[in-house]
Amino acid sequence: MQVAKVRGTVVSTQKEPTLRGVKLLLLQLVDEEGQLLPKYEVAADSVGAGVDEWVLVSRGSAARQIQGNEQRPLDAAVVAIIDTIHVEDRLLYSKKDQYR
């Protein structure tokens, strides 16, 4: 899994029929220091994440193990909205502090 920040949504009027009704998010990947990387990817949202939230993204066959995604052509899926990240004895990220 990878930590990422939701930067926006992706809208597609023409897509594979099994993707109808699936919310697609544009994610910016985050490194182990909490810095945004210049890498982006699109992932299916299975948890209702919103713009600016930090999330966990699962890739590959693991993205298709989410109930309902088994037959969808997915490479990535958002599987969690992050509340906090602690590394060693320091707080790397807190959703609560993000909105102060």
# chains A, B, ... in the order shown; residues from 1 in each chain; ligands from 1
>>> select_by_dssp(residues="chain A", states="helix (DSSP H, G or I)", output="ChimeraX atom specification")
/A:17-19,60-65,95-98
>>> write_last_selection(atoms="C-alpha atoms", output="PDB file, in the first residue's frame")
ATOM      1  CA  PRO A  17     -19.262  -0.927 -18.446  1.00  0.00           C
ATOM      2  CA  THR A  18     -18.126  -2.499 -15.143  1.00  0.00           C
ATOM      3  CA  LEU A  19     -16.710   0.900 -14.114  1.00  0.00           C
ATOM      4  CA  GLY A  60      -2.521  -4.616  -8.510  1.00  0.00           C
ATOM      5  CA  SER A  61      -4.471  -7.752  -7.734  1.00  0.00           C
ATOM      6  CA  ALA A  62      -5.079  -6.495  -4.172  1.00  0.00           C
ATOM      7  CA  ALA A  63      -7.192  -3.659  -5.624  1.00  0.00           C
ATOM      8  CA  ARG A  64      -9.507  -6.258  -7.133  1.00  0.00           C
ATOM      9  CA  GLN A  65      -9.973  -8.162  -3.880  1.00  0.00           C
ATOM     10  CA  LYS A  95      -6.317  14.879   9.679  1.00  0.00           C
ATOM     11  CA  LYS A  96      -7.491  16.983  12.615  1.00  0.00           C
ATOM     12  CA  ASP A  97      -4.531  19.383  12.259  1.00  0.00           C
ATOM     13  CA  GLN A  98      -5.021  19.645   8.511  1.00  0.00           C
TER      14      GLN A  98
END
>>> residues_around(residues="Leu27 (chain A)", least_positions_apart="2", cutoff="7 Å", atoms="only C-alpha atoms", output="MDAnalysis selection string")
chainID A and resid 4:7 25 29 40:42
>>> write_last_selection(atoms="C-alpha atoms", output="PDB file, in the first residue's frame")
ATOM      1  CA  ALA A   4      -1.387   9.451  -1.158  1.00  0.00           C
ATOM      2  CA  LYS A   5      -3.245  12.748  -1.056  1.00  0.00           C
ATOM      3  CA  VAL A   6      -6.491  13.174  -2.979  1.00  0.00           C
ATOM      4  CA  ARG A   7      -5.971  16.032  -5.432  1.00  0.00           C
ATOM      5  CA  LEU A  25      -9.867   9.945  -7.756  1.00  0.00           C
ATOM      6  CA  LEU A  29       1.737  10.024  -3.870  1.00  0.00           C
ATOM      7  CA  TYR A  40       0.120  10.962  -9.682  1.00  0.00           C
ATOM      8  CA  GLU A  41      -2.227   8.067 -10.274  1.00  0.00           C
ATOM      9  CA  VAL A  42      -5.931   7.403 -10.678  1.00  0.00           C
TER      10      VAL A  42
END
>>> closest_residue(among="A:Gln2, A:Gln14, A:Thr9, A:Gln28", to="Val79 (chain A)", atoms="only C-alpha atoms")
A:Gln2
>>> closest_residue(among="A:Ala76, A:Ala49, A:Val55, A:Glu33", to="Leu91 (chain A)", atoms="only C-alpha atoms")
A:Glu33
>>> atom_distance(atom1="CA of Val11 (chain A)", atom2="CA of Asp31 (chain A)")
26.7 Å
>>> atom_distance(atom1="CA of Leu36 (chain A)", atom2="CA of Leu24 (chain A)")
19.8 Å
>>> select_by_dssp(residues="chain A", states="strand (DSSP E)", output="NGL selection string")
:A and (2-10 or 24-30 or 36-45 or 54-59 or 76-81 or 84-87 or 90-94)
>>> closest_residue(among="A:Val22, A:Leu37, A:Val10, A:Val30", to="Tyr93 (chain A)", atoms="only C-alpha atoms")
A:Val30
>>> atom_distance(atom1="CA of Leu92 (chain A)", atom2="CA of Ser58 (chain A)")
20.4 Å
>>> closest_residue(among="A:Leu26, A:Val87, A:Leu74, A:Ile81", to="Val47 (chain A)", atoms="only C-alpha atoms")
A:Ile81
>>> closest_residue(among="A:Met1, A:Ala43, A:Gly34, A:Val51", to="Arg90 (chain A)", atoms="only C-alpha atoms")
A:Gly34
